[in-house]
$ cat model19.tsv   # TSV, C-alpha atoms and all ligand atoms
chain	number	residue	atom	x	y	z
A	1	MET	CA	-7.68	-3.03	-19.44
A	2	TRP	CA	-4.90	-5.67	-19.32
A	3	PHE	CA	-2.06	-6.55	-16.94
A	4	HIS	CA	1.08	-7.95	-18.58
A	5	GLU	CA	3.89	-9.48	-16.51
A	6	ARG	CA	7.16	-9.30	-18.39
A	7	SER	CA	9.91	-11.75	-17.46
A	8	TYR	CA	12.86	-13.79	-18.79
A	9	TYR	CA	15.06	-10.79	-19.54
A	10	ASN	CA	12.01	-8.83	-20.72
A	11	THR	CA	11.49	-11.24	-23.63
A	12	PHE	CA	8.40	-13.04	-22.30
A	13	SER	CA	5.02	-11.62	-21.39
A	14	MET	CA	1.89	-13.15	-19.94
A	15	GLY	CA	-1.33	-11.11	-19.77
A	16	TRP	CA	-4.59	-11.10	-17.83
A	17	LYS	CA	-7.70	-9.02	-18.56
A	18	VAL	CA	-8.40	-6.75	-15.59
A	19	LYS	CA	-11.78	-5.43	-14.41
A	20	ASN	CA	-10.22	-2.99	-11.94
A	21	VAL	CA	-7.39	-2.31	-9.53
A	22	LEU	CA	-8.58	-3.06	-6.00
A	23	HIS	CA	-5.47	-1.96	-4.12
A	24	SER	CA	-2.09	-0.39	-4.74
A	25	GLU	CA	0.58	0.69	-2.23
A	26	GLN	CA	4.33	0.93	-1.83
A	27	SER	CA	5.42	-0.84	1.36
A	28	LYS	CA	8.87	-0.54	2.92
A	29	PHE	CA	9.89	-3.51	0.76
A	30	GLN	CA	7.87	-3.66	-2.44
A	31	LYS	CA	4.88	-2.50	-4.47
A	32	ILE	CA	1.76	-4.40	-3.43
A	33	GLU	CA	-1.19	-4.53	-5.80
A	34	VAL	CA	-4.44	-6.47	-5.97
A	35	LEU	CA	-6.22	-6.74	-9.33
A	36	ASP	CA	-9.69	-8.04	-10.02
A	37	THR	CA	-9.27	-10.15	-13.16
A	38	ASP	CA	-11.76	-11.81	-15.49
A	39	ALA	CA	-10.02	-15.20	-15.59
A	40	LEU	CA	-8.48	-15.62	-12.12
A	41	GLY	CA	-10.58	-13.59	-9.72
A	42	LYS	CA	-8.38	-11.54	-7.43
A	43	LEU	CA	-4.65	-11.51	-8.21
A	44	LEU	CA	-1.85	-10.38	-5.85
A	45	LEU	CA	1.19	-8.71	-7.41
A	46	LEU	CA	4.47	-7.86	-5.68
A	47	ASP	CA	6.70	-5.48	-7.63
A	48	GLY	CA	4.60	-6.26	-10.69
A	49	LYS	CA	5.02	-10.03	-10.41
A	50	THR	CA	2.14	-12.47	-9.98
A	51	MET	CA	2.12	-14.12	-6.56
A	52	VAL	CA	-1.32	-15.51	-5.68
A	53	SER	CA	-4.65	-15.78	-7.46
A	54	GLU	CA	-8.00	-16.99	-6.18
A	55	ALA	CA	-8.20	-19.39	-9.12
A	56	ASP	CA	-4.98	-21.39	-8.69
A	57	GLU	CA	-3.49	-20.79	-5.23
A	58	PHE	CA	-4.62	-24.21	-4.04
A	59	VAL	CA	-2.08	-26.00	-6.26
A	60	TYR	CA	0.98	-24.33	-4.76
A	61	HIS	CA	-0.20	-24.26	-1.16
A	62	GLU	CA	-1.41	-27.87	-1.07
A	63	VAL	CA	1.78	-29.36	-2.54
A	64	MET	CA	4.02	-27.21	-0.32
A	65	ALA	CA	2.32	-28.48	2.85
A	66	HIS	CA	1.01	-32.01	2.23
A	67	ILE	CA	4.02	-33.49	0.44
A	68	PRO	CA	6.44	-32.95	3.36
A	69	TYR	CA	3.74	-33.64	5.95
A	70	SER	CA	2.87	-37.01	4.34
A	71	VAL	CA	6.54	-38.09	4.48
A	72	SER	CA	7.42	-36.69	7.92
A	73	ARG	CA	7.67	-39.18	10.79
A	74	LYS	CA	7.36	-36.36	13.32
A	75	CYS	CA	5.75	-33.02	12.51
A	76	ASP	CA	5.45	-30.97	15.68
A	77	HIS	CA	7.03	-27.68	14.59
A	78	VAL	CA	6.78	-26.04	11.15
A	79	LEU	CA	8.47	-22.89	9.86
A	80	ILE	CA	7.35	-20.98	6.79
A	81	ILE	CA	9.67	-18.28	5.45
A	82	GLY	CA	7.83	-15.85	3.15
A	83	GLY	CA	4.30	-17.02	2.55
A	84	GLY	CA	2.70	-13.76	3.69
A	85	ASP	CA	-0.51	-14.61	1.82
A	86	GLY	CA	-1.16	-17.28	4.44
A	87	GLY	CA	-1.99	-20.12	2.02
A	88	VAL	CA	0.71	-22.54	3.19
A	89	VAL	CA	-0.19	-21.85	6.83
A	90	ARG	CA	-3.80	-22.69	6.02
A	91	GLU	CA	-2.84	-26.07	4.61
A	92	PHE	CA	-0.56	-27.04	7.50
A	93	ALA	CA	-3.22	-25.96	10.02
A	94	LYS	CA	-5.47	-28.74	8.63
A	95	HIS	CA	-3.17	-31.20	10.47
A	96	GLN	CA	-4.24	-31.15	14.13
A	97	SER	CA	-1.13	-33.02	15.29
A	98	ILE	CA	1.11	-30.05	14.44
A	99	LYS	CA	1.99	-28.13	17.62
A	100	THR	CA	3.42	-24.82	16.30
A	101	ILE	CA	3.56	-22.98	12.98
A	102	ASP	CA	5.98	-20.03	12.69
A	103	LEU	CA	5.44	-17.65	9.79
A	104	VAL	CA	8.43	-15.40	9.05
A	105	GLU	CA	7.32	-12.78	6.51
A	106	ILE	CA	9.58	-9.76	6.02
A	107	ASP	CA	6.75	-7.49	4.88
A	108	GLU	CA	3.81	-7.38	7.25
A	109	ARG	CA	1.86	-5.29	4.74
A	110	VAL	CA	1.61	-8.39	2.54
A	111	ILE	CA	-0.13	-10.16	5.41
A	112	GLU	CA	-2.48	-7.23	6.05
A	113	VAL	CA	-3.40	-6.84	2.36
A	114	SER	CA	-3.90	-10.61	2.06
A	115	LYS	CA	-6.22	-10.57	5.07
A	116	GLU	CA	-8.34	-7.93	3.35
A	117	PHE	CA	-8.44	-9.36	-0.18
A	118	PHE	CA	-7.62	-13.09	0.16
A	119	PRO	CA	-9.47	-14.27	3.27
A	120	GLN	CA	-9.58	-17.81	1.85
A	121	CYS	CA	-5.77	-17.88	2.15
A	122	THR	CA	-5.40	-16.14	5.51
A	123	SER	CA	-8.16	-18.13	7.27
A	124	ALA	CA	-5.70	-19.96	9.57
A	125	LEU	CA	-3.49	-17.02	10.59
A	126	ASP	CA	-5.49	-16.63	13.81
A	127	ASP	CA	-5.02	-20.31	14.71
A	128	SER	CA	-3.56	-20.44	18.24
A	129	ARG	CA	-0.63	-22.52	16.95
A	130	VAL	CA	0.46	-19.79	14.51
A	131	THR	CA	3.05	-17.14	15.41
A	132	ILE	CA	3.79	-14.40	12.90
A	133	HIS	CA	7.26	-12.81	12.82
A	134	ALA	CA	7.69	-9.72	10.63
A	135	LYS	CA	11.37	-10.50	10.10
A	136	ASP	CA	13.97	-11.36	7.48
A	137	GLY	CA	14.02	-15.14	7.17
A	138	PHE	CA	17.70	-15.09	6.27
A	139	GLU	CA	18.52	-13.69	9.74
A	140	PHE	CA	15.74	-15.47	11.67
A	141	ILE	CA	16.97	-18.94	10.71
A	142	LYS	CA	20.44	-18.37	12.16
A	143	LYS	CA	19.06	-18.38	15.69
A	144	LYS	CA	17.32	-21.76	15.36
A	145	LYS	CA	18.98	-25.12	15.94
A	146	ASN	CA	17.48	-28.63	15.73
A	147	HIS	CA	13.95	-27.35	16.25
A	148	TYR	CA	11.75	-27.52	13.16
A	149	ASP	CA	10.54	-30.76	11.57
A	150	ILE	CA	9.55	-29.03	8.31
A	151	ILE	CA	10.78	-25.71	6.87
A	152	ILE	CA	9.08	-24.14	3.85
A	153	ILE	CA	10.71	-21.43	1.80
A	154	ASP	CA	7.77	-19.73	0.14
A	155	SER	CA	9.58	-16.68	-1.19
A	156	THR	CA	9.60	-14.32	-4.11
A	157	ASP	CA	12.21	-14.73	-6.86
A	158	PRO	CA	15.94	-14.78	-5.93
A	159	GLU	CA	16.26	-11.00	-6.09
A	160	ASP	CA	16.81	-8.17	-3.62
A	161	PHE	CA	15.84	-9.14	-0.07
A	162	ALA	CA	14.88	-12.67	-1.21
A	163	SER	CA	18.21	-13.48	-2.91
A	164	GLY	CA	19.79	-14.78	0.30
A	165	LEU	CA	17.09	-17.48	0.54
A	166	PHE	CA	18.69	-19.35	-2.38
A	167	THR	CA	22.29	-19.46	-1.14
A	168	LYS	CA	24.31	-22.36	0.26
A	169	GLU	CA	24.83	-20.36	3.47
A	170	PHE	CA	21.08	-20.14	3.97
A	171	TYR	CA	20.46	-23.80	3.15
A	172	ASN	CA	23.13	-24.74	5.67
A	173	ASP	CA	21.33	-22.66	8.31
A	174	VAL	CA	18.05	-24.35	7.37
A	175	TYR	CA	19.73	-27.76	7.73
A	176	ASN	CA	20.93	-26.81	11.21
A	177	ALA	CA	17.49	-25.50	12.22
A	178	LEU	CA	15.85	-28.80	11.23
A	179	THR	CA	15.54	-31.87	13.47
A	180	GLU	CA	17.22	-35.15	12.54
A	181	ASP	CA	14.34	-36.20	10.23
A	182	GLY	CA	13.89	-32.65	8.91
A	183	ILE	CA	12.51	-31.72	5.49
A	184	MET	CA	12.87	-28.45	3.53
A	185	MET	CA	10.53	-27.49	0.70
A	186	ASN	CA	11.15	-24.52	-1.57
A	187	GLN	CA	9.92	-23.01	-4.79
A	188	THR	CA	12.68	-23.27	-7.39
A	189	GLU	CA	11.42	-21.34	-10.42
A	190	ASN	CA	10.87	-22.35	-14.06
A	191	PRO	CA	13.65	-24.27	-15.87
A	192	PHE	CA	12.33	-23.28	-19.31
A	193	LEU	CA	12.63	-19.55	-18.56
A	194	ASP	CA	15.76	-20.06	-16.50
A	195	GLU	CA	16.49	-16.51	-15.39
A	196	PHE	CA	17.80	-17.45	-11.94
A	197	ASP	CA	20.15	-20.40	-12.69
A	198	ILE	CA	18.09	-23.29	-11.33
A	199	LYS	CA	21.14	-25.60	-11.59
A	200	LYS	CA	23.04	-23.35	-9.17
A	201	ILE	CA	20.09	-23.30	-6.76
A	202	TYR	CA	20.00	-27.12	-6.67
A	203	SER	CA	23.79	-27.28	-6.37
A	204	ASN	CA	23.51	-25.04	-3.31
A	205	MET	CA	20.82	-27.30	-1.82
A	206	ARG	CA	22.98	-30.39	-2.38
A	207	LYS	CA	25.85	-28.84	-0.44
A	208	SER	CA	23.77	-29.18	2.75
A	209	PHE	CA	21.23	-31.96	2.19
A	210	PRO	CA	21.92	-35.63	1.45
A	211	PHE	CA	18.58	-36.04	-0.31
A	212	VAL	CA	17.54	-33.36	-2.82
A	213	HIS	CA	14.59	-34.02	-5.12
A	214	SER	CA	12.39	-31.96	-7.40
A	215	PHE	CA	8.94	-31.99	-8.95
A	216	PHE	CA	6.77	-29.60	-10.90
A	217	ALA	CA	3.20	-28.46	-10.59
A	218	PRO	CA	1.31	-26.19	-12.98
A	219	MET	CA	1.04	-22.61	-11.72
A	220	ILE	CA	-1.13	-20.90	-14.33
A	221	ILE	CA	-0.21	-17.43	-13.05
A	222	TYR	CA	3.57	-17.90	-13.10
A	223	PRO	CA	5.66	-17.24	-16.24
A	224	GLY	CA	5.62	-20.37	-18.37
A	225	VAL	CA	3.34	-22.26	-15.92
A	226	TYR	CA	5.83	-25.16	-15.43
A	227	TRP	CA	6.81	-24.43	-11.82
A	228	THR	CA	9.37	-26.48	-9.92
A	229	PHE	CA	9.69	-27.20	-6.24
A	230	GLY	CA	12.52	-28.68	-4.19
A	231	PHE	CA	12.19	-31.43	-1.57
A	232	SER	CA	15.38	-31.65	0.54
A	233	SER	CA	15.65	-34.10	3.41
A	234	LYS	CA	18.05	-35.43	6.02
A	235	LYS	CA	16.71	-38.95	5.99
A	236	TYR	CA	13.60	-39.78	3.95
A	237	GLY	CA	13.03	-39.68	0.20
A	238	PRO	CA	9.95	-37.85	-1.14
A	239	GLN	CA	8.20	-41.11	-1.98
A	240	ASP	CA	8.80	-42.62	1.48
A	241	LEU	CA	5.31	-41.68	2.62
A	242	ASN	CA	4.79	-42.33	6.32
A	243	PRO	CA	2.52	-45.42	6.42
A	244	VAL	CA	1.07	-44.30	9.75
A	245	LYS	CA	-0.44	-41.26	8.02
A	246	ARG	CA	-1.94	-43.13	5.09
A	247	TYR	CA	-5.55	-43.17	6.28
A	248	GLU	CA	-5.35	-39.63	7.69
A	249	MET	CA	-4.19	-38.40	4.29
A	250	GLU	CA	-6.75	-40.51	2.41
A	251	ALA	CA	-9.47	-38.78	4.41
A	252	LEU	CA	-7.99	-35.30	4.02
A	253	GLN	CA	-7.30	-35.56	0.30
A	254	ARG	CA	-10.99	-36.00	-0.39
A	255	SER	CA	-11.38	-32.32	0.54
A	256	LEU	CA	-8.29	-31.12	-1.32
A	257	LYS	CA	-8.38	-29.70	-4.83
A	258	TRP	CA	-4.96	-30.80	-6.07
A	259	TYR	CA	-3.03	-33.08	-3.72
A	260	ASN	CA	-3.55	-36.80	-3.40
A	261	GLN	CA	-1.08	-39.52	-2.49
A	262	ASP	CA	-1.08	-41.10	-5.99
A	263	TRP	CA	-0.15	-37.78	-7.57
A	264	HIS	CA	2.47	-37.28	-4.83
A	265	LYS	CA	4.20	-40.60	-5.63
A	266	GLY	CA	4.22	-39.88	-9.36
A	267	ALA	CA	5.30	-36.25	-9.14
A	268	PHE	CA	8.94	-37.08	-8.45
A	269	GLN	CA	9.44	-39.17	-11.62
A	270	LEU	CA	11.24	-36.57	-13.71
A	271	SER	CA	11.78	-36.08	-17.44
A	272	ASN	CA	15.31	-35.99	-18.86
A	273	TYR	CA	14.85	-32.27	-19.39
A	274	HIS	CA	13.94	-31.55	-15.76
A	275	LYS	CA	16.79	-33.78	-14.52
A	276	GLN	CA	19.28	-32.06	-16.81
A	277	LYS	CA	18.18	-28.58	-15.80
A	278	ILE	CA	18.72	-29.27	-12.09
A	279	GLY	CA	22.05	-31.01	-12.65
A	280	LEU	CA	20.93	-34.60	-12.03
A	281	ILE	CA	22.19	-35.80	-15.46
A	301	LIG	N1	2.75	-17.96	-1.76
A	301	LIG	C1	2.72	-17.24	-3.02
A	301	LIG	C2	2.79	-18.23	-4.08
A	301	LIG	O1	1.79	-18.88	-4.30
A	301	LIG	O2	3.84	-18.35	-4.69
A	301	LIG	C3	3.84	-16.24	-3.20
A	301	LIG	C4	4.83	-16.24	-2.25
A	301	LIG	S1	4.67	-15.14	-0.92
A	301	LIG	C5	3.60	-13.89	-1.34
A	301	LIG	C6	6.31	-14.45	-1.11
A	301	LIG	C7	6.71	-13.68	0.11
A	301	LIG	O3	8.10	-13.82	0.41
A	301	LIG	C8	6.49	-12.17	-0.04
A	301	LIG	O4	5.41	-11.77	0.75
A	301	LIG	C9	7.81	-11.54	0.40
A	301	LIG	O5	7.65	-10.35	1.18
A	301	LIG	C10	8.43	-12.67	1.20
A	301	LIG	N2	9.89	-12.59	1.36
A	301	LIG	C11	10.82	-12.34	0.40
A	301	LIG	N3	12.06	-12.33	0.93
A	301	LIG	C12	11.92	-12.61	2.27
A	301	LIG	C13	12.84	-12.76	3.36
A	301	LIG	N4	14.16	-12.60	3.17
A	301	LIG	N5	12.34	-13.06	4.58
A	301	LIG	C14	11.00	-13.21	4.76
A	301	LIG	N6	10.07	-13.07	3.78
A	301	LIG	C15	10.54	-12.77	2.54
$ encode --input "model19.tsv" --output "structure tokens" --more "lines below"
Ligand code: SAM
Amino acid sequence: MWFHERSYYNTFSMGWKVKNVLHSEQSKFQKIEVLDTDALGKLLLLDGKTMVSEADEFVYHEVMAHIPYSVSRKCDHVLIIGGGDGGVVREFAKHQSIKTIDLVEIDERVIEVSKEFFPQCTSALDDSRVTIHAKDGFEFIKKKKNHYDIIIIDSTDPEDFASGLFTKEFYNDVYNALTEDGIMMNQTENPFLDEFDIKKIYSNMRKSFPFVHSFFAPMIIYPGVYWTFGFSSKKYGPQDLNPVKRYEMEALQRSLKWYNQDWHKGAFQLSNYHKQKIGLI
């Protein structure tokens, strides 16, 4: 049998051959499914949309964690909003200097299902530095001021209970929750299949942050593969890698599957198309 994800106003479809359905449930928030696929291994779906696969999760989770970490001058406290599969937590936990990692995932069933079917992603959720909050990130952030050095928005598409995570109000709350050197990373969809107005998302980010940059990384499981990410900062640009961390990162990147510092520095050199789609030109 086959799984087809339809997107872009139901005019685009991407399919994966499926051996069998390993799990299916309706949580309080969404439908949660796990498929065993021929090409990707296990594949997590939320409301019929691809989220995480065994085959390519490393790309997303490594860039989300190691890009901001490599730039940060201080990285004691990290917040991840969404990210219930645990992959971004796993990557941050590789940095022993980090003191606390808060994971704010609205749907704790995503965490439980990920623990059962994606243990390679959830391996760091029992790290003593990790605290899991089964809460709405949009509300959680309002109570935090000048505390986090890095905040990651690892959410589903800007729809339903995730839509607030792409608003200028939310980005302003993120700005206030960050320390003076703070960095925010977020997934910002696909500009080719621009269903969620990527230009508006970046305009909202620019209303709070003085430095807003973008890059793309290939996510084979996401519609159109060309997946963009935002890097928003109070002080440092995305290519201002912290020289103190150079050797630490050189050692770590030897064990990583996607991230290295050379790729990092090049990733932010954008095409005219990418610049135009996010309102830079
Ligand atoms: N990390 C995966 C990837 O590689 O793209 C997918 C992202 S993760 C599974 C997306 C998570 O965001 C979902 O588990 C969803 O429940 C969560 N989420 C959506 N809106 C949220 C909100 N307002 N607060 C907290 N978590 C939210």
$ residues_near_point --input "model19.tsv" --point "(11.7, -23.7, -8.9)" --cutoff "7 Å" --atoms "all atoms listed in the file" --output "VMD selection string"
chain A and resid 187 to 190 198 227 to 230
$ residues_around --input "model19.tsv" --residues "A:Glu116" --least-positions-apart "3" --cutoff "12 Å" --atoms "all atoms listed in the file" --output "list in words"
Leu22, His23, Val34, Lys42, Leu44, Asp85, Gly86, Arg109, Val110, Ile111, Glu112, Val113, Pro119, Gln120, Cys121, Thr122 and Ser123 of chain A
$ write_last_selection --input "model19.tsv" --atoms "C-alpha atoms" --output "short mmCIF file (atom, residue, chain, number, x, y, z; two decimals), keeping the file's coordinate frame"
data_model
loop_
_atom_site.label_atom_id
_atom_site.label_comp_id
_atom_site.auth_asym_id
_atom_site.auth_seq_id
_atom_site.Cartn_x
_atom_site.Cartn_y
_atom_site.Cartn_z
CA LEU A 22 -8.58 -3.06 -6.00
CA HIS A 23 -5.47 -1.96 -4.12
CA VAL A 34 -4.44 -6.47 -5.97
CA LYS A 42 -8.38 -11.54 -7.43
CA LEU A 44 -1.85 -10.38 -5.85
CA ASP A 85 -0.51 -14.61 1.82
CA GLY A 86 -1.16 -17.28 4.44
CA ARG A 109 1.86 -5.29 4.74
CA VAL A 110 1.61 -8.39 2.54
CA ILE A 111 -0.13 -10.16 5.41
CA GLU A 112 -2.48 -7.23 6.05
CA VAL A 113 -3.40 -6.84 2.36
CA PRO A 119 -9.47 -14.27 3.27
CA GLN A 120 -9.58 -17.81 1.85
CA CYS A 121 -5.77 -17.88 2.15
CA THR A 122 -5.40 -16.14 5.51
CA SER A 123 -8.16 -18.13 7.27
#
$ closest_residue --input "model19.tsv" --among "A:Asp47, A:Asp240, A:Glu139, A:Glu195" --to "A:Glu169" --atoms "only C-alpha atoms"
A:Glu139
$ closest_atom_pairs --input "model19.tsv" --of "chain A" --to "ligand LIG 301 (chain A)" --cutoff "7 Å" --atoms "only C-alpha atoms and all ligand atoms" --output "tab-separated table"
residue	atom	partner	partner_atom	distance
A:Met51	CA	A:LIG301	C3	4.3
A:Val52	CA	A:LIG301	O1	4.8
A:Glu57	CA	A:LIG301	O1	5.7
A:Tyr60	CA	A:LIG301	O1	5.5
A:His61	CA	A:LIG301	O1	6.5
A:Ile81	CA	A:LIG301	C14	5.3
A:Gly82	CA	A:LIG301	O3	3.4
A:Gly83	CA	A:LIG301	S1	4.0
A:Gly84	CA	A:LIG301	O4	4.5
A:Asp85	CA	A:LIG301	C5	5.2
A:Gly87	CA	A:LIG301	N1	6.4
A:Val104	CA	A:LIG301	C14	5.5
A:Glu105	CA	A:LIG301	N6	3.9
A:Ile106	CA	A:LIG301	C14	3.9
A:Asp107	CA	A:LIG301	O5	4.8
A:Val110	CA	A:LIG301	O4	5.4
A:Lys135	CA	A:LIG301	C14	6.0
A:Asp136	CA	A:LIG301	N5	3.7
A:Gly137	CA	A:LIG301	N5	3.7
A:Phe138	CA	A:LIG301	N4	5.3
A:Asp154	CA	A:LIG301	C4	5.2
A:Ser155	CA	A:LIG301	O3	3.6
A:Thr156	CA	A:LIG301	C6	4.5
A:Phe161	CA	A:LIG301	N4	5.0
A:Ala162	CA	A:LIG301	N3	3.6
A:Gly164	CA	A:LIG301	N4	6.7
A:Leu165	CA	A:LIG301	N4	6.3
$ write_last_selection --input "model19.tsv" --atoms "C-alpha atoms" --output "PDB file, in the coordinates of the input"
ATOM      1  CA  MET A  51       2.120 -14.120  -6.560  1.00  0.00           C
ATOM      2  CA  VAL A  52      -1.320 -15.510  -5.680  1.00  0.00           C
ATOM      3  CA  GLU A  57      -3.490 -20.790  -5.230  1.00  0.00           C
ATOM      4  CA  TYR A  60       0.980 -24.330  -4.760  1.00  0.00           C
ATOM      5  CA  HIS A  61      -0.200 -24.260  -1.160  1.00  0.00           C
ATOM      6  CA  ILE A  81       9.670 -18.280   5.450  1.00  0.00           C
ATOM      7  CA  GLY A  82       7.830 -15.850   3.150  1.00  0.00           C
ATOM      8  CA  GLY A  83       4.300 -17.020   2.550  1.00  0.00           C
ATOM      9  CA  GLY A  84       2.700 -13.760   3.690  1.00  0.00           C
ATOM     10  CA  ASP A  85      -0.510 -14.610   1.820  1.00  0.00           C
ATOM     11  CA  GLY A  87      -1.990 -20.120   2.020  1.00  0.00           C
ATOM     12  CA  VAL A 104       8.430 -15.400   9.050  1.00  0.00           C
ATOM     13  CA  GLU A 105       7.320 -12.780   6.510  1.00  0.00           C
ATOM     14  CA  ILE A 106       9.580  -9.760   6.020  1.00  0.00           C
ATOM     15  CA  ASP A 107       6.750  -7.490   4.880  1.00  0.00           C
ATOM     16  CA  VAL A 110       1.610  -8.390   2.540  1.00  0.00           C
ATOM     17  CA  LYS A 135      11.370 -10.500  10.100  1.00  0.00           C
ATOM     18  CA  ASP A 136      13.970 -11.360   7.480  1.00  0.00           C
ATOM     19  CA  GLY A 137      14.020 -15.140   7.170  1.00  0.00           C
ATOM     20  CA  PHE A 138      17.700 -15.090   6.270  1.00  0.00           C
ATOM     21  CA  ASP A 154       7.770 -19.730   0.140  1.00  0.00           C
ATOM     22  CA  SER A 155       9.580 -16.680  -1.190  1.00  0.00           C
ATOM     23  CA  THR A 156       9.600 -14.320  -4.110  1.00  0.00           C
ATOM     24  CA  PHE A 161      15.840  -9.140  -0.070  1.00  0.00           C
ATOM     25  CA  ALA A 162      14.880 -12.670  -1.210  1.00  0.00           C
ATOM     26  CA  GLY A 164      19.790 -14.780   0.300  1.00  0.00           C
ATOM     27  CA  LEU A 165      17.090 -17.480   0.540  1.00  0.00           C
TER      28      LEU A 165
END
$ closest_residue --input "model19.tsv" --among "A:Ala177, A:Phe215, A:Ile80, A:Lys143" --to "A:His274" --atoms "only C-alpha atoms"
A:Phe215
$ residues_around --input "model19.tsv" --residues "A:Pro238" --least-positions-apart "5" --cutoff "8 Å" --atoms "all atoms listed in the file" --output "ChimeraX atom specification"
/A:67-68,71,213,231,265,268
$ write_last_selection --input "model19.tsv" --atoms "C-alpha atoms" --output "PDB file, keeping the file's coordinate frame"
ATOM      1  CA  ILE A  67       4.020 -33.490   0.440  1.00  0.00           C
ATOM      2  CA  PRO A  68       6.440 -32.950   3.360  1.00  0.00           C
ATOM      3  CA  VAL A  71       6.540 -38.090   4.480  1.00  0.00           C
ATOM      4  CA  HIS A 213      14.590 -34.020  -5.120  1.00  0.00           C
ATOM      5  CA  PHE A 231      12.190 -31.430  -1.570  1.00  0.00           C
ATOM      6  CA  LYS A 265       4.200 -40.600  -5.630  1.00  0.00           C
ATOM      7  CA  PHE A 268       8.940 -37.080  -8.450  1.00  0.00           C
TER       8      PHE A 268
END
$ closest_residue --input "model19.tsv" --among "A:Leu40, A:Val63, A:Leu241, A:Leu103" --to "A:Leu79" --atoms "only C-alpha atoms"
A:Leu103
$ atom_distance --input "model19.tsv" --atom1 "atom CA of A:Glu108" --atom2 "atom CA of A:Val88"
16.0 Å
$ closest_residue --input "model19.tsv" --among "A:His264, A:Lys207, A:Arg73, A:Lys115" --to "A:Gly182" --atoms "only C-alpha atoms"
A:Arg73
$ closest_residue --input "model19.tsv" --among "A:Ala124, A:Val225, A:Val59, A:Val21" --to "A:Trp258" --atoms "all atoms listed in the file"
A:Val59
$ build_atoms --input "model19.tsv" --residues "stretch 194-198 of chain A" --atoms "all heavy atoms" --output "PDB file, keeping the file's coordinate frame"
ATOM      1  N   ASP A 194      14.825 -19.900 -17.611  1.00  0.00           N
ATOM      2  CA  ASP A 194      15.760 -20.060 -16.500  1.00  0.00           C
ATOM      3  C   ASP A 194      16.544 -18.783 -16.230  1.00  0.00           C
ATOM      4  O   ASP A 194      17.745 -18.696 -16.494  1.00  0.00           O
ATOM      5  CB  ASP A 194      16.715 -21.226 -16.810  1.00  0.00           C
ATOM      6  CG  ASP A 194      17.522 -21.648 -15.588  1.00  0.00           C
ATOM      7  OD1 ASP A 194      17.253 -21.116 -14.496  1.00  0.00           O
ATOM      8  OD2 ASP A 194      18.434 -22.485 -15.729  1.00  0.00           O
ATOM      9  N   GLU A 195      15.874 -17.828 -15.635  1.00  0.00           N
ATOM     10  CA  GLU A 195      16.490 -16.510 -15.390  1.00  0.00           C
ATOM     11  C   GLU A 195      17.355 -16.510 -14.128  1.00  0.00           C
ATOM     12  O   GLU A 195      18.199 -15.640 -13.952  1.00  0.00           O
ATOM     13  CB  GLU A 195      15.338 -15.492 -15.225  1.00  0.00           C
ATOM     14  CG  GLU A 195      15.725 -14.068 -15.466  1.00  0.00           C
ATOM     15  CD  GLU A 195      14.489 -13.159 -15.514  1.00  0.00           C
ATOM     16  OE1 GLU A 195      13.361 -13.641 -15.792  1.00  0.00           O
ATOM     17  OE2 GLU A 195      14.672 -11.968 -15.252  1.00  0.00           O
ATOM     18  N   PHE A 196      17.136 -17.507 -13.251  1.00  0.00           N
ATOM     19  CA  PHE A 196      17.800 -17.450 -11.940  1.00  0.00           C
ATOM     20  C   PHE A 196      18.747 -18.629 -11.689  1.00  0.00           C
ATOM     21  O   PHE A 196      19.073 -18.927 -10.556  1.00  0.00           O
ATOM     22  CB  PHE A 196      16.729 -17.365 -10.848  1.00  0.00           C
ATOM     23  CG  PHE A 196      15.855 -16.149 -10.985  1.00  0.00           C
ATOM     24  CD1 PHE A 196      14.549 -16.269 -11.454  1.00  0.00           C
ATOM     25  CD2 PHE A 196      16.337 -14.881 -10.694  1.00  0.00           C
ATOM     26  CE1 PHE A 196      13.729 -15.151 -11.609  1.00  0.00           C
ATOM     27  CE2 PHE A 196      15.534 -13.758 -10.843  1.00  0.00           C
ATOM     28  CZ  PHE A 196      14.232 -13.885 -11.295  1.00  0.00           C
ATOM     29  N   ASP A 197      19.161 -19.308 -12.750  1.00  0.00           N
ATOM     30  CA  ASP A 197      20.150 -20.400 -12.690  1.00  0.00           C
ATOM     31  C   ASP A 197      19.697 -21.518 -11.745  1.00  0.00           C
ATOM     32  O   ASP A 197      20.261 -21.705 -10.639  1.00  0.00           O
ATOM     33  CB  ASP A 197      21.514 -19.854 -12.260  1.00  0.00           C
ATOM     34  CG  ASP A 197      22.628 -20.873 -12.504  1.00  0.00           C
ATOM     35  OD1 ASP A 197      22.293 -22.043 -12.827  1.00  0.00           O
ATOM     36  OD2 ASP A 197      23.805 -20.511 -12.357  1.00  0.00           O
ATOM     37  N   ILE A 198      18.672 -22.222 -12.156  1.00  0.00           N
ATOM     38  CA  ILE A 198      18.090 -23.290 -11.330  1.00  0.00           C
ATOM     39  C   ILE A 198      19.135 -24.344 -10.976  1.00  0.00           C
ATOM     40  O   ILE A 198      19.102 -24.912  -9.875  1.00  0.00           O
ATOM     41  CB  ILE A 198      16.871 -23.915 -12.065  1.00  0.00           C
ATOM     42  CG1 ILE A 198      16.069 -24.824 -11.123  1.00  0.00           C
ATOM     43  CG2 ILE A 198      17.295 -24.632 -13.331  1.00  0.00           C
ATOM     44  CD1 ILE A 198      14.754 -25.287 -11.692  1.00  0.00           C
TER      45      ILE A 198
END
